[in-house]
Structure formats: structure tokens, C-alpha cells
Amino acid sequence: MAERPVGRIVRIAELEIDPGQIESFRTSLADEIEASVQNEPGVLFLHAVSVKDAPHMVRVIECYADQFAYQAHLTTPHFLRYKAQTANMVRSLRLIETEPIALRAKSNS
């Protein structure tokens, strides 16, 4: 029986974006995700998707090594820049706390 990942922080962010600003939001989000994964060892993955046929409904699945990594992420220049750039684009944001069961991924390399 596989053990549950210890210490991992996994959240699902549900965002509703102003439909007139979708492309700008996507660009800012993609830049933030790239910087976070490249520069922060504690960011294990960030996946952003939109709801099919509702591009203004965005979901981000995020995984951090632990609570310290998550807190550090919130203070990085690239995250703070993303928050400032998208503040007037986001109509609503809901963070869903989760309990990891099984986390596995194939390498992109």
C-alpha cells in the first residue's frame, strides 16, 4: 500500500476572469508559473487549465513541498508581480484545500 505524501501542500484555485481580459491573464499566469517552477525548489508543480467552453473559468492545481515552500512562494517577486498585474482581471478567487492521496507525474525531459 502506497504511503500518502507527507507535508505536501496541494490546493486548487478556482478563478473567474473578466472575459475581456482572458489573453492578458493567460500571459501573466503562464509567466508566473514558469518563473515559480524554474526558480523555486519548493514548487513541485503548477498546472493551469480552463473549463471547457468557459475560458474565463480558470483552475490552477498547485503543489508545494511543504507549508514553508508555500509561504515563501507568496513573497517572491514573480508572484507579487502576477498578483498586481491581474488584480483587476480576477472577478473571483476560491482556494480549495485538499488532502493528497497519490501524487505522481512523468518527467517532461
# chains A, B, ... in the order shown; residues from 1 in each chain; ligands from 1
>>> residues_around(residues="A:Ala35", least_positions_apart="2", cutoff="12 Å", atoms="only C-alpha atoms", output="PyMOL selection string")
chain A and resi 28-33+37-41+43+45-46+73+76-82
>>> residues_around(residues="A:Ile22", least_positions_apart="5", cutoff="12 Å", atoms="only C-alpha atoms", output="PyMOL selection string")
chain A and resi 15-17+27-29+50+54-58+86+88-91
>>> atom_distance(atom1="atom CA of A:Ala13", atom2="atom CA of A:Leu103")
17.5 Å
>>> select_by_dssp(residues="chain A", states="strand (DSSP E or B)", output="ChimeraX atom specification")
/A:9-17,43-51,54-64,90-97
>>> write_last_selection(atoms="C-alpha atoms", output="short mmCIF file (atom, residue, chain, number, x, y, z; two decimals), in the first residue's frame")
data_model
loop_
_atom_site.label_atom_id
_atom_site.label_comp_id
_atom_site.auth_asym_id
_atom_site.auth_seq_id
_atom_site.Cartn_x
_atom_site.Cartn_y
_atom_site.Cartn_z
CA ILE A 9 0.51 21.25 0.26
CA VAL A 10 -1.94 20.84 -2.61
CA ARG A 11 -4.52 23.46 -3.45
CA ILE A 12 -6.97 24.04 -6.24
CA ALA A 13 -7.57 27.67 -7.12
CA GLU A 14 -10.87 28.39 -8.84
CA LEU A 15 -10.75 31.73 -10.64
CA GLU A 16 -13.29 33.63 -12.67
CA ILE A 17 -11.61 36.06 -15.05
CA VAL A 43 7.16 24.44 -6.02
CA LEU A 44 6.63 20.86 -7.15
CA PHE A 45 4.04 21.61 -9.83
CA LEU A 46 1.62 24.22 -11.05
CA HIS A 47 -0.97 23.27 -13.66
CA ALA A 48 -3.40 25.81 -15.11
CA VAL A 49 -6.44 24.85 -17.16
CA SER A 50 -9.68 26.49 -18.20
CA VAL A 51 -13.11 24.90 -18.06
CA ALA A 54 -15.81 28.59 -20.47
CA PRO A 55 -12.32 30.07 -20.95
CA HIS A 56 -12.97 32.69 -18.26
CA MET A 57 -13.22 29.92 -15.64
CA VAL A 58 -9.62 29.01 -14.76
CA ARG A 59 -8.41 26.29 -12.42
CA VAL A 60 -4.87 26.07 -11.05
CA ILE A 61 -3.71 22.89 -9.34
CA GLU A 62 -0.67 23.68 -7.23
CA CYS A 63 1.66 21.53 -5.16
CA TYR A 64 4.32 22.70 -2.73
CA VAL A 90 -9.86 38.38 -11.45
CA ARG A 91 -13.57 38.59 -10.65
CA SER A 92 -13.44 35.85 -8.03
CA LEU A 93 -10.94 33.51 -6.42
CA ARG A 94 -11.65 30.48 -4.27
CA LEU A 95 -8.86 28.35 -2.78
CA ILE A 96 -9.75 24.75 -2.07
CA GLU A 97 -7.61 22.95 0.48
#
